[in-house]
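Below is coords_25.pdb, which holds PDB, N, CA and C atoms.
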ATOM      1  N   MET A   1       9.314 -10.903 -12.160
ATOM      2  CA  MET A   1       7.863 -10.873 -12.274
ATOM      3  C   MET A   1       7.324 -12.231 -12.700
ATOM      4  N   GLY A   2       8.093 -12.992 -13.483
ATOM      5  CA  GLY A   2       7.647 -14.294 -13.952
ATOM      6  C   GLY A   2       7.451 -15.265 -12.803
ATOM      7  N   ARG A   3       8.328 -15.207 -11.793
ATOM      8  CA  ARG A   3       8.229 -16.101 -10.650
ATOM      9  C   ARG A   3       6.937 -15.829  -9.876
ATOM     10  N   PHE A   4       6.595 -14.567  -9.723
ATOM     11  CA  PHE A   4       5.379 -14.194  -9.003
ATOM     12  C   PHE A   4       4.145 -14.765  -9.693
ATOM     13  N   LYS A   5       4.092 -14.665 -11.036
ATOM     14  CA  LYS A   5       2.938 -15.184 -11.772
ATOM     15  C   LYS A   5       2.838 -16.695 -11.618
ATOM     16  N   GLN A   6       3.979 -17.367 -11.623
ATOM     17  CA  GLN A   6       3.987 -18.813 -11.493
ATOM     18  C   GLN A   6       3.434 -19.221 -10.121
ATOM     19  N   ILE A   7       3.853 -18.545  -9.071
ATOM     20  CA  ILE A   7       3.375 -18.842  -7.733
ATOM     21  C   ILE A   7       1.885 -18.536  -7.631
ATOM     22  N   HIS A   8       1.479 -17.416  -8.214
ATOM     23  CA  HIS A   8       0.095 -16.976  -8.107
ATOM     24  C   HIS A   8      -0.868 -17.954  -8.777
ATOM     25  N   THR A   9      -0.463 -18.581  -9.870
ATOM     26  CA  THR A   9      -1.362 -19.479 -10.584
ATOM     27  C   THR A   9      -1.454 -20.850  -9.939
ATOM     28  N   MET A  10      -0.527 -21.182  -9.023
ATOM     29  CA  MET A  10      -0.542 -22.496  -8.396
ATOM     30  C   MET A  10      -1.794 -22.709  -7.546
ATOM     31  N   SER A  11      -2.136 -21.754  -6.718
ATOM     32  CA  SER A  11      -3.335 -21.857  -5.886
ATOM     33  C   SER A  11      -3.799 -20.468  -5.496
ATOM     34  N   GLN A  12      -4.805 -20.415  -4.670
ATOM     35  CA  GLN A  12      -5.397 -19.135  -4.310
ATOM     36  C   GLN A  12      -4.522 -18.352  -3.330
ATOM     37  N   LYS A  13      -4.732 -17.067  -3.310
ATOM     38  CA  LYS A  13      -3.999 -16.180  -2.412
ATOM     39  C   LYS A  13      -4.875 -15.881  -1.201
ATOM     40  N   ILE A  14      -4.256 -15.904  -0.025
ATOM     41  CA  ILE A  14      -4.953 -15.548   1.212
ATOM     42  C   ILE A  14      -4.368 -14.238   1.704
ATOM     43  N   ARG A  15      -5.222 -13.261   1.989
ATOM     44  CA  ARG A  15      -4.771 -11.959   2.496
ATOM     45  C   ARG A  15      -5.300 -11.789   3.913
ATOM     46  N   ILE A  16      -4.399 -11.485   4.844
ATOM     47  CA  ILE A  16      -4.753 -11.311   6.245
ATOM     48  C   ILE A  16      -4.448  -9.876   6.649
ATOM     49  N   LYS A  17      -5.453  -9.192   7.213
ATOM     50  CA  LYS A  17      -5.266  -7.835   7.732
ATOM     51  C   LYS A  17      -5.382  -7.886   9.249
ATOM     52  N   LEU A  18      -4.395  -7.330   9.926
ATOM     53  CA  LEU A  18      -4.406  -7.255  11.381
ATOM     54  C   LEU A  18      -4.562  -5.794  11.793
ATOM     55  N   LYS A  19      -5.359  -5.550  12.818
ATOM     56  CA  LYS A  19      -5.573  -4.181  13.299
ATOM     57  C   LYS A  19      -5.670  -4.209  14.812
ATOM     58  N   SER A  20      -4.984  -3.254  15.458
ATOM     59  CA  SER A  20      -5.029  -3.167  16.909
ATOM     60  C   SER A  20      -4.641  -1.764  17.348
ATOM     61  N   TYR A  21      -5.006  -1.430  18.592
ATOM     62  CA  TYR A  21      -4.614  -0.148  19.156
ATOM     63  C   TYR A  21      -3.263  -0.240  19.871
ATOM     64  N   ASP A  22      -2.717  -1.447  20.001
ATOM     65  CA  ASP A  22      -1.415  -1.667  20.642
ATOM     66  C   ASP A  22      -0.448  -2.231  19.610
ATOM     67  N   HIS A  23       0.640  -1.519  19.330
ATOM     68  CA  HIS A  23       1.555  -1.954  18.274
ATOM     69  C   HIS A  23       2.295  -3.237  18.640
ATOM     70  N   ASN A  24       2.509  -3.495  19.931
ATOM     71  CA  ASN A  24       3.180  -4.737  20.334
ATOM     72  C   ASN A  24       2.331  -5.963  19.990
ATOM     73  N   LEU A  25       1.032  -5.860  20.217
ATOM     74  CA  LEU A  25       0.132  -6.980  19.905
ATOM     75  C   LEU A  25       0.118  -7.280  18.412
ATOM     76  N   VAL A  26       0.103  -6.226  17.587
ATOM     77  CA  VAL A  26       0.079  -6.414  16.136
ATOM     78  C   VAL A  26       1.366  -7.103  15.677
ATOM     79  N   GLU A  27       2.510  -6.654  16.190
ATOM     80  CA  GLU A  27       3.796  -7.228  15.792
ATOM     81  C   GLU A  27       3.899  -8.692  16.201
ATOM     82  N   LYS A  28       3.520  -9.003  17.428
ATOM     83  CA  LYS A  28       3.602 -10.384  17.914
ATOM     84  C   LYS A  28       2.651 -11.302  17.138
ATOM     85  N   SER A  29       1.452 -10.820  16.854
ATOM     86  CA  SER A  29       0.480 -11.620  16.101
ATOM     87  C   SER A  29       0.981 -11.883  14.685
ATOM     88  N   ALA A  30       1.546 -10.854  14.037
ATOM     89  CA  ALA A  30       2.073 -11.017  12.683
ATOM     90  C   ALA A  30       3.224 -12.017  12.662
ATOM     91  N   GLU A  31       4.123 -11.939  13.650
ATOM     92  CA  GLU A  31       5.239 -12.887  13.737
ATOM     93  C   GLU A  31       4.726 -14.316  13.887
ATOM     94  N   LYS A  32       3.727 -14.483  14.744
ATOM     95  CA  LYS A  32       3.148 -15.805  15.000
ATOM     96  C   LYS A  32       2.543 -16.398  13.725
ATOM     97  N   ILE A  33       1.781 -15.577  12.997
ATOM     98  CA  ILE A  33       1.139 -16.040  11.768
ATOM     99  C   ILE A  33       2.191 -16.426  10.740
ATOM    100  N   VAL A  34       3.199 -15.568  10.534
ATOM    101  CA  VAL A  34       4.234 -15.832   9.531
ATOM    102  C   VAL A  34       5.000 -17.107   9.875
ATOM    103  N   LYS A  35       5.339 -17.281  11.155
ATOM    104  CA  LYS A  35       6.100 -18.465  11.575
ATOM    105  C   LYS A  35       5.307 -19.753  11.327
ATOM    106  N   ASN A  36       4.024 -19.756  11.702
ATOM    107  CA  ASN A  36       3.196 -20.960  11.542
ATOM    108  C   ASN A  36       2.914 -21.265  10.077
ATOM    109  N   VAL A  37       2.707 -20.230   9.254
ATOM    110  CA  VAL A  37       2.399 -20.451   7.847
ATOM    111  C   VAL A  37       3.648 -20.943   7.093
ATOM    112  N   LYS A  38       4.814 -20.388   7.422
ATOM    113  CA  LYS A  38       6.055 -20.843   6.774
ATOM    114  C   LYS A  38       6.371 -22.293   7.125
ATOM    115  N   ALA A  39       5.960 -22.732   8.329
ATOM    116  CA  ALA A  39       6.187 -24.110   8.746
ATOM    117  C   ALA A  39       5.390 -25.090   7.888
ATOM    118  N   THR A  40       4.274 -24.644   7.291
ATOM    119  CA  THR A  40       3.470 -25.519   6.443
ATOM    120  C   THR A  40       3.970 -25.540   5.002
ATOM    121  N   GLY A  41       4.967 -24.717   4.676
ATOM    122  CA  GLY A  41       5.553 -24.730   3.334
ATOM    123  C   GLY A  41       4.987 -23.693   2.383
ATOM    124  N   ALA A  42       4.119 -22.810   2.860
ATOM    125  CA  ALA A  42       3.549 -21.760   2.001
ATOM    126  C   ALA A  42       4.528 -20.595   1.893
ATOM    127  N   ILE A  43       4.330 -19.775   0.874
ATOM    128  CA  ILE A  43       5.172 -18.602   0.658
ATOM    129  C   ILE A  43       4.447 -17.388   1.220
ATOM    130  N   VAL A  44       5.147 -16.624   2.073
ATOM    131  CA  VAL A  44       4.543 -15.503   2.783
ATOM    132  C   VAL A  44       5.169 -14.200   2.321
ATOM    133  N   SER A  45       4.319 -13.206   2.076
ATOM    134  CA  SER A  45       4.773 -11.854   1.771
ATOM    135  C   SER A  45       4.282 -10.946   2.887
ATOM    136  N   GLY A  46       5.212 -10.387   3.636
ATOM    137  CA  GLY A  46       4.805  -9.493   4.708
ATOM    138  C   GLY A  46       5.483  -9.861   6.004
ATOM    139  N   PRO A  47       5.090  -9.300   7.101
ATOM    140  CA  PRO A  47       4.017  -8.338   7.316
ATOM    141  C   PRO A  47       4.355  -6.941   6.789
ATOM    142  N   ILE A  48       3.431  -6.373   6.054
ATOM    143  CA  ILE A  48       3.596  -5.047   5.462
ATOM    144  C   ILE A  48       2.870  -4.044   6.366
ATOM    145  N   PRO A  49       3.587  -3.045   6.905
ATOM    146  CA  PRO A  49       2.906  -2.051   7.737
ATOM    147  C   PRO A  49       2.072  -1.095   6.893
ATOM    148  N   LEU A  50       0.815  -0.950   7.253
ATOM    149  CA  LEU A  50      -0.072   0.006   6.601
ATOM    150  C   LEU A  50      -0.048   1.305   7.411
ATOM    151  N   PRO A  51      -0.488   2.421   6.839
ATOM    152  CA  PRO A  51      -0.430   3.695   7.570
ATOM    153  C   PRO A  51      -1.194   3.648   8.897
ATOM    154  N   THR A  52      -0.592   4.232   9.914
ATOM    155  CA  THR A  52      -1.208   4.297  11.232
ATOM    156  C   THR A  52      -2.243   5.408  11.239
ATOM    157  N   ARG A  53      -3.424   5.100  11.707
ATOM    158  CA  ARG A  53      -4.504   6.097  11.751
ATOM    159  C   ARG A  53      -4.552   6.681  13.158
ATOM    160  N   LYS A  54      -4.353   7.993  13.254
ATOM    161  CA  LYS A  54      -4.374   8.676  14.546
ATOM    162  C   LYS A  54      -5.640   9.509  14.660
ATOM    163  N   ARG A  55      -6.378   9.284  15.730
ATOM    164  CA  ARG A  55      -7.566  10.088  16.004
ATOM    165  C   ARG A  55      -7.289  10.927  17.237
ATOM    166  N   ILE A  56      -7.479  12.238  17.122
ATOM    167  CA  ILE A  56      -7.266  13.151  18.241
ATOM    168  C   ILE A  56      -8.623  13.674  18.699
ATOM    169  N   ILE A  57      -8.885  13.522  19.977
ATOM    170  CA  ILE A  57     -10.156  13.936  20.552
ATOM    171  C   ILE A  57      -9.888  15.077  21.532
ATOM    172  N   THR A  58     -10.573  16.198  21.354
ATOM    173  CA  THR A  58     -10.406  17.363  22.216
ATOM    174  C   THR A  58     -11.619  17.493  23.130
ATOM    175  N   VAL A  59     -11.351  17.694  24.424
ATOM    176  CA  VAL A  59     -12.408  17.751  25.428
ATOM    177  C   VAL A  59     -12.186  18.989  26.297
ATOM    178  N   ASN A  60     -13.279  19.666  26.684
ATOM    179  CA  ASN A  60     -13.167  20.782  27.636
ATOM    180  C   ASN A  60     -12.780  20.231  29.004
ATOM    181  N   ARG A  61     -11.874  20.933  29.703
ATOM    182  CA  ARG A  61     -11.449  20.479  31.033
ATOM    183  C   ARG A  61     -12.530  20.733  32.079
ATOM    184  N   SER A  62     -13.194  21.864  31.973
ATOM    185  CA  SER A  62     -14.259  22.142  32.941
ATOM    186  C   SER A  62     -15.594  22.165  32.202
ATOM    187  N   THR A  63     -16.668  22.050  32.957
ATOM    188  CA  THR A  63     -17.983  21.934  32.328
ATOM    189  C   THR A  63     -18.583  23.279  31.929
ATOM    190  N   PHE A  64     -18.319  24.334  32.706
ATOM    191  CA  PHE A  64     -19.052  25.573  32.491
ATOM    192  C   PHE A  64     -18.145  26.748  32.120
ATOM    193  N   VAL A  65     -17.182  27.057  32.941
ATOM    194  CA  VAL A  65     -16.289  28.210  32.740
ATOM    195  C   VAL A  65     -15.016  27.715  32.040
ATOM    196  N   ASN A  66     -14.093  28.617  31.755
ATOM    197  CA  ASN A  66     -12.776  28.294  31.194
ATOM    198  C   ASN A  66     -12.868  27.537  29.867
ATOM    199  N   LYS A  67     -13.456  28.184  28.881
ATOM    200  CA  LYS A  67     -13.623  27.576  27.555
ATOM    201  C   LYS A  67     -12.267  27.282  26.907
ATOM    202  N   LYS A  68     -11.256  28.094  27.206
ATOM    203  CA  LYS A  68      -9.957  27.937  26.560
ATOM    204  C   LYS A  68      -9.142  26.779  27.137
ATOM    205  N   SER A  69      -9.504  26.292  28.283
ATOM    206  CA  SER A  69      -8.774  25.193  28.908
ATOM    207  C   SER A  69      -9.303  23.863  28.375
ATOM    208  N   ARG A  70      -8.505  23.203  27.541
ATOM    209  CA  ARG A  70      -8.945  21.948  26.923
ATOM    210  C   ARG A  70      -7.892  20.876  27.085
ATOM    211  N   GLU A  71      -8.310  19.644  26.873
ATOM    212  CA  GLU A  71      -7.413  18.511  26.990
ATOM    213  C   GLU A  71      -7.552  17.671  25.726
ATOM    214  N   GLN A  72      -6.421  17.140  25.226
ATOM    215  CA  GLN A  72      -6.463  16.332  24.007
ATOM    216  C   GLN A  72      -6.013  14.911  24.285
ATOM    217  N   PHE A  73      -6.732  13.949  23.672
ATOM    218  CA  PHE A  73      -6.401  12.533  23.769
ATOM    219  C   PHE A  73      -6.180  11.999  22.359
ATOM    220  N   GLU A  74      -5.298  11.033  22.247
ATOM    221  CA  GLU A  74      -4.966  10.477  20.924
ATOM    222  C   GLU A  74      -5.102   8.962  20.950
ATOM    223  N   ILE A  75      -5.741   8.412  19.924
ATOM    224  CA  ILE A  75      -5.862   6.966  19.755
ATOM    225  C   ILE A  75      -5.230   6.613  18.412
ATOM    226  N   SER A  76      -4.282   5.685  18.429
ATOM    227  CA  SER A  76      -3.620   5.253  17.196
ATOM    228  C   SER A  76      -4.044   3.830  16.865
ATOM    229  N   ALA A  77      -4.410   3.590  15.617
ATOM    230  CA  ALA A  77      -4.772   2.248  15.152
ATOM    231  C   ALA A  77      -3.658   1.749  14.229
ATOM    232  N   TYR A  78      -3.009   0.652  14.632
ATOM    233  CA  TYR A  78      -1.901   0.076  13.870
ATOM    234  C   TYR A  78      -2.424  -1.071  13.017
ATOM    235  N   LYS A  79      -1.925  -1.158  11.762
ATOM    236  CA  LYS A  79      -2.394  -2.185  10.842
ATOM    237  C   LYS A  79      -1.217  -2.882  10.171
ATOM    238  N   ARG A  80      -1.383  -4.178   9.901
ATOM    239  CA  ARG A  80      -0.389  -4.961   9.160
ATOM    240  C   ARG A  80      -1.114  -5.805   8.120
ATOM    241  N   LEU A  81      -0.421  -6.074   7.026
ATOM    242  CA  LEU A  81      -0.980  -6.855   5.920
ATOM    243  C   LEU A  81      -0.057  -8.023   5.635
ATOM    244  N   ILE A  82      -0.630  -9.233   5.525
ATOM    245  CA  ILE A  82       0.147 -10.437   5.221
ATOM    246  C   ILE A  82      -0.518 -11.146   4.056
ATOM    247  N   ASP A  83       0.262 -11.450   3.002
ATOM    248  CA  ASP A  83      -0.229 -12.216   1.857
ATOM    249  C   ASP A  83       0.399 -13.606   1.893
ATOM    250  N   ILE A  84      -0.427 -14.629   1.675
ATOM    251  CA  ILE A  84       0.052 -16.011   1.664
ATOM    252  C   ILE A  84      -0.215 -16.582   0.279
ATOM    253  N   TYR A  85       0.855 -17.061  -0.371
ATOM    254  CA  TYR A  85       0.748 -17.661  -1.703
ATOM    255  C   TYR A  85       0.983 -19.164  -1.602
ATOM    256  N   SER A  86       0.503 -19.896  -2.574
ATOM    257  CA  SER A  86       0.627 -21.363  -2.672
ATOM    258  C   SER A  86       0.231 -22.043  -1.363
ATOM    259  N   SER A  87      -0.954 -21.703  -0.884
ATOM    260  CA  SER A  87      -1.434 -22.279   0.364
ATOM    261  C   SER A  87      -2.030 -23.661   0.115
ATOM    262  N   THR A  88      -1.924 -24.518   1.119
ATOM    263  CA  THR A  88      -2.476 -25.865   1.055
ATOM    264  C   THR A  88      -3.518 -26.015   2.166
ATOM    265  N   ALA A  89      -4.089 -27.207   2.279
ATOM    266  CA  ALA A  89      -5.050 -27.474   3.350
ATOM    267  C   ALA A  89      -4.365 -27.386   4.708
ATOM    268  N   LYS A  90      -3.077 -27.762   4.747
ATOM    269  CA  LYS A  90      -2.296 -27.664   5.985
ATOM    270  C   LYS A  90      -2.201 -26.219   6.454
ATOM    271  N   THR A  91      -1.999 -25.314   5.502
ATOM    272  CA  THR A  91      -1.873 -23.898   5.816
ATOM    273  C   THR A  91      -3.167 -23.367   6.423
ATOM    274  N   VAL A  92      -4.284 -23.722   5.825
ATOM    275  CA  VAL A  92      -5.591 -23.264   6.311
ATOM    276  C   VAL A  92      -5.853 -23.828   7.713
ATOM    277  N   ASP A  93      -5.513 -25.095   7.933
ATOM    278  CA  ASP A  93      -5.684 -25.696   9.257
ATOM    279  C   ASP A  93      -4.838 -24.976  10.304
ATOM    280  N   ALA A  94      -3.591 -24.637   9.931
ATOM    281  CA  ALA A  94      -2.701 -23.931  10.862
ATOM    282  C   ALA A  94      -3.268 -22.561  11.218
ATOM    283  N   LEU A  95      -3.863 -21.883  10.236
ATOM    284  CA  LEU A  95      -4.465 -20.563  10.501
ATOM    285  C   LEU A  95      -5.686 -20.674  11.409
ATOM    286  N   MET A  96      -6.484 -21.731  11.221
ATOM    287  CA  MET A  96      -7.693 -21.897  12.027
ATOM    288  C   MET A  96      -7.357 -22.234  13.481
ATOM    289  N   LYS A  97      -6.279 -22.986  13.704
ATOM    290  CA  LYS A  97      -5.908 -23.414  15.059
ATOM    291  C   LYS A  97      -5.116 -22.357  15.816
ATOM    292  N   LEU A  98      -4.740 -21.285  15.134
ATOM    293  CA  LEU A  98      -3.876 -20.262  15.720
ATOM    294  C   LEU A  98      -4.605 -19.471  16.801
ATOM    295  N   GLU A  99      -3.973 -19.345  17.973
ATOM    296  CA  GLU A  99      -4.519 -18.553  19.077
ATOM    297  C   GLU A  99      -3.869 -17.182  19.054
ATOM    298  N   LEU A 100      -4.655 -16.127  18.797
ATOM    299  CA  LEU A 100      -4.138 -14.766  18.790
ATOM    300  C   LEU A 100      -4.629 -14.025  20.034
ATOM    301  N   PRO A 101      -3.840 -13.061  20.532
ATOM    302  CA  PRO A 101      -4.230 -12.341  21.739
ATOM    303  C   PRO A 101      -5.480 -11.484  21.547
ATOM    304  N   CYS A 102      -6.139 -11.177  22.650
ATOM    305  CA  CYS A 102      -7.309 -10.297  22.625
ATOM    306  C   CYS A 102      -6.858  -8.891  22.216
ATOM    307  N   GLY A 103      -7.725  -8.180  21.545
ATOM    308  CA  GLY A 103      -7.401  -6.813  21.156
ATOM    309  C   GLY A 103      -6.839  -6.720  19.758
ATOM    310  N   VAL A 104      -6.762  -7.845  19.029
ATOM    311  CA  VAL A 104      -6.283  -7.828  17.650
ATOM    312  C   VAL A 104      -7.448  -8.243  16.750
ATOM    313  N   GLU A 105      -7.801  -7.366  15.827
ATOM    314  CA  GLU A 105      -8.861  -7.652  14.864
ATOM    315  C   GLU A 105      -8.232  -8.306  13.648
ATOM    316  N   VAL A 106      -8.745  -9.473  13.249
ATOM    317  CA  VAL A 106      -8.197 -10.228  12.123
ATOM    318  C   VAL A 106      -9.245 -10.295  11.023
ATOM    319  N   GLU A 107      -8.848  -9.929   9.802
ATOM    320  CA  GLU A 107      -9.737 -10.016   8.650
ATOM    321  C   GLU A 107      -9.031 -10.878   7.599
ATOM    322  N   ILE A 108      -9.667 -11.976   7.187
ATOM    323  CA  ILE A 108      -9.067 -12.905   6.234
ATOM    324  C   ILE A 108      -9.879 -12.898   4.949
ATOM    325  N   LYS A 109      -9.198 -12.672   3.811
ATOM    326  CA  LYS A 109      -9.834 -12.727   2.499
ATOM    327  C   LYS A 109      -9.145 -13.791   1.664
ATOM    328  N   VAL A 110      -9.954 -14.597   0.981
ATOM    329  CA  VAL A 110      -9.403 -15.652   0.123
ATOM    330  C   VAL A 110      -9.587 -15.260  -1.329
TER     331      VAL A 110
END
Using the file provided, produce a representation of the structure as structure tokens.
Amino acid sequence: MGRFKQIHTMSQKIRIKLKSYDHNLVEKSAEKIVKNVKATGAIVSGPIPLPTRKRIITVNRSTFVNKKSREQFEISAYKRLIDIYSSTAKTVDALMKLELPCGVEVEIKV
């Protein structure tokens, strides 16, 4: 625990949340971020998988008759969390220049 406090007091912590409906995109984006941030010398914790949110939508198959005939669709939202400790100006520049694929929502908190 002492090592964590020492790292934490050196500089600010950056928290990155990734969210997407495609788990491959989330994994590739997280790998890319971790690789680029480690190259700048910062300490990375993660990617930590957060619970997957599943939404199930039920729709009637026909418009008028056959009330019992229904169809279900499912949408899953995948999330990952990355914490960056002892970040420098180089680290922030690397994050800003990073090209991530479409369909990945990125939320950065400092």
Against stretch 16-29 of chain A, which residues of stretch 45-88 of chain A fall within 8 Å? For each one I want the closest pair of atoms and the distance in Å (one decimal), counting all atoms listed in the file, rows by chain and increasing residue number, as a tab-separated table.
residue	atom	partner	partner_atom	distance
A:Ile75	C	A:Tyr21	CA	6.8
A:Ser76	C	A:Tyr21	CA	4.6
A:Ala77	CA	A:Ser20	C	4.6
A:Tyr78	N	A:Ser20	C	4.0
A:Lys79	CA	A:Leu18	C	4.3
A:Arg80	N	A:Leu18	C	4.0
A:Leu81	CA	A:Ile16	C	4.7
A:Ile82	C	A:Ile16	N	4.0
A:Asp83	N	A:Ile16	N	5.0
A:Ile84	N	A:Ile16	N	6.0
Output N, CA and C atoms of each residue in that selection to a file, as a PDB file, in the coordinates of the input.
ATOM      1  N   ILE A  75      -5.741   8.412  19.924  1.00  0.00           N
ATOM      2  CA  ILE A  75      -5.862   6.966  19.755  1.00  0.00           C
ATOM      3  C   ILE A  75      -5.230   6.613  18.412  1.00  0.00           C
ATOM      4  N   SER A  76      -4.282   5.685  18.429  1.00  0.00           N
ATOM      5  CA  SER A  76      -3.620   5.253  17.196  1.00  0.00           C
ATOM      6  C   SER A  76      -4.044   3.830  16.865  1.00  0.00           C
ATOM      7  N   ALA A  77      -4.410   3.590  15.617  1.00  0.00           N
ATOM      8  CA  ALA A  77      -4.772   2.248  15.152  1.00  0.00           C
ATOM      9  C   ALA A  77      -3.658   1.749  14.229  1.00  0.00           C
ATOM     10  N   TYR A  78      -3.009   0.652  14.632  1.00  0.00           N
ATOM     11  CA  TYR A  78      -1.901   0.076  13.870  1.00  0.00           C
ATOM     12  C   TYR A  78      -2.424  -1.071  13.017  1.00  0.00           C
ATOM     13  N   LYS A  79      -1.925  -1.158  11.762  1.00  0.00           N
ATOM     14  CA  LYS A  79      -2.394  -2.185  10.842  1.00  0.00           C
ATOM     15  C   LYS A  79      -1.217  -2.882  10.171  1.00  0.00           C
ATOM     16  N   ARG A  80      -1.383  -4.178   9.901  1.00  0.00           N
ATOM     17  CA  ARG A  80      -0.389  -4.961   9.160  1.00  0.00           C
ATOM     18  C   ARG A  80      -1.114  -5.805   8.120  1.00  0.00           C
ATOM     19  N   LEU A  81      -0.421  -6.074   7.026  1.00  0.00           N
ATOM     20  CA  LEU A  81      -0.980  -6.855   5.920  1.00  0.00           C
ATOM     21  C   LEU A  81      -0.057  -8.023   5.635  1.00  0.00           C
ATOM     22  N   ILE A  82      -0.630  -9.233   5.525  1.00  0.00           N
ATOM     23  CA  ILE A  82       0.147 -10.437   5.221  1.00  0.00           C
ATOM     24  C   ILE A  82      -0.518 -11.146   4.056  1.00  0.00           C
ATOM     25  N   ASP A  83       0.262 -11.450   3.002  1.00  0.00           N
ATOM     26  CA  ASP A  83      -0.229 -12.216   1.857  1.00  0.00           C
ATOM     27  C   ASP A  83       0.399 -13.606   1.893  1.00  0.00           C
ATOM     28  N   ILE A  84      -0.427 -14.629   1.675  1.00  0.00           N
ATOM     29  CA  ILE A  84       0.052 -16.011   1.664  1.00  0.00           C
ATOM     30  C   ILE A  84      -0.215 -16.582   0.279  1.00  0.00           C
TER      31      ILE A  84
END
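Between atom CA of A:Glu105 and atom CA of A:Arg55 there is a distance of 17.8 Å.
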For A:Val110, find every residue with an atom within 7 Å (counting only C-alpha atoms), except residues of its own chain fewer than 5 positions away, and show them as a PyMOL selection string.
chain A and resi 12-15
Please return, as a ChimeraX atom specification, all residues of chain A that DSSP assigns to strand (DSSP E) on the basis of the backbone.
/A:14-20,43-60,70-85,105-109
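Atom pair atom CA of A:Pro49 / atom CA of A:Gly103 has a distance of 17.6 Å (rounded to one decimal).
Nearest residue to A:Glu74, choosing from A:Leu100, A:Ala89, A:Leu50, A:Ile56 and counting only N, CA and C atoms: A:Ile56.
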Applying 8 Å and all atoms listed in the file, which residues near A:Thr88 remain after dropping the ones on its own chain fewer than 6 positions away? List them as a PyMOL selection string.
chain A and resi 11-12+40-43+94
Export N, CA and C atoms of the chosen residues as a PDB file, keeping the file's coordinate frame?
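Below you can see result_38.pdb, which holds the result:
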ATOM      1  N   SER A  11      -2.136 -21.754  -6.718  1.00  0.00           N
ATOM      2  CA  SER A  11      -3.335 -21.857  -5.886  1.00  0.00           C
ATOM      3  C   SER A  11      -3.799 -20.468  -5.496  1.00  0.00           C
ATOM      4  N   GLN A  12      -4.805 -20.415  -4.670  1.00  0.00           N
ATOM      5  CA  GLN A  12      -5.397 -19.135  -4.310  1.00  0.00           C
ATOM      6  C   GLN A  12      -4.522 -18.352  -3.330  1.00  0.00           C
ATOM      7  N   THR A  40       4.274 -24.644   7.291  1.00  0.00           N
ATOM      8  CA  THR A  40       3.470 -25.519   6.443  1.00  0.00           C
ATOM      9  C   THR A  40       3.970 -25.540   5.002  1.00  0.00           C
ATOM     10  N   GLY A  41       4.967 -24.717   4.676  1.00  0.00           N
ATOM     11  CA  GLY A  41       5.553 -24.730   3.334  1.00  0.00           C
ATOM     12  C   GLY A  41       4.987 -23.693   2.383  1.00  0.00           C
ATOM     13  N   ALA A  42       4.119 -22.810   2.860  1.00  0.00           N
ATOM     14  CA  ALA A  42       3.549 -21.760   2.001  1.00  0.00           C
ATOM     15  C   ALA A  42       4.528 -20.595   1.893  1.00  0.00           C
ATOM     16  N   ILE A  43       4.330 -19.775   0.874  1.00  0.00           N
ATOM     17  CA  ILE A  43       5.172 -18.602   0.658  1.00  0.00           C
ATOM     18  C   ILE A  43       4.447 -17.388   1.220  1.00  0.00           C
ATOM     19  N   ALA A  94      -3.591 -24.637   9.931  1.00  0.00           N
ATOM     20  CA  ALA A  94      -2.701 -23.931  10.862  1.00  0.00           C
ATOM     21  C   ALA A  94      -3.268 -22.561  11.218  1.00  0.00           C
TER      22      ALA A  94
END
Per DSSP on the backbone, what are the alpha helix (DSSP H) residues of chain A, as a ChimeraX atom specification?
/A:2-10,23-39,89-97
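The two atoms in question, atom N of A:Glu31 and atom CA of A:Arg53, are spaced 20.1 Å apart.
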Neighbours of point (-12.6, 20.0, 24.4) within 6.5 Å, using all atoms listed in the file, written as a PyMOL selection string
chain A and resi 57-61+69-71
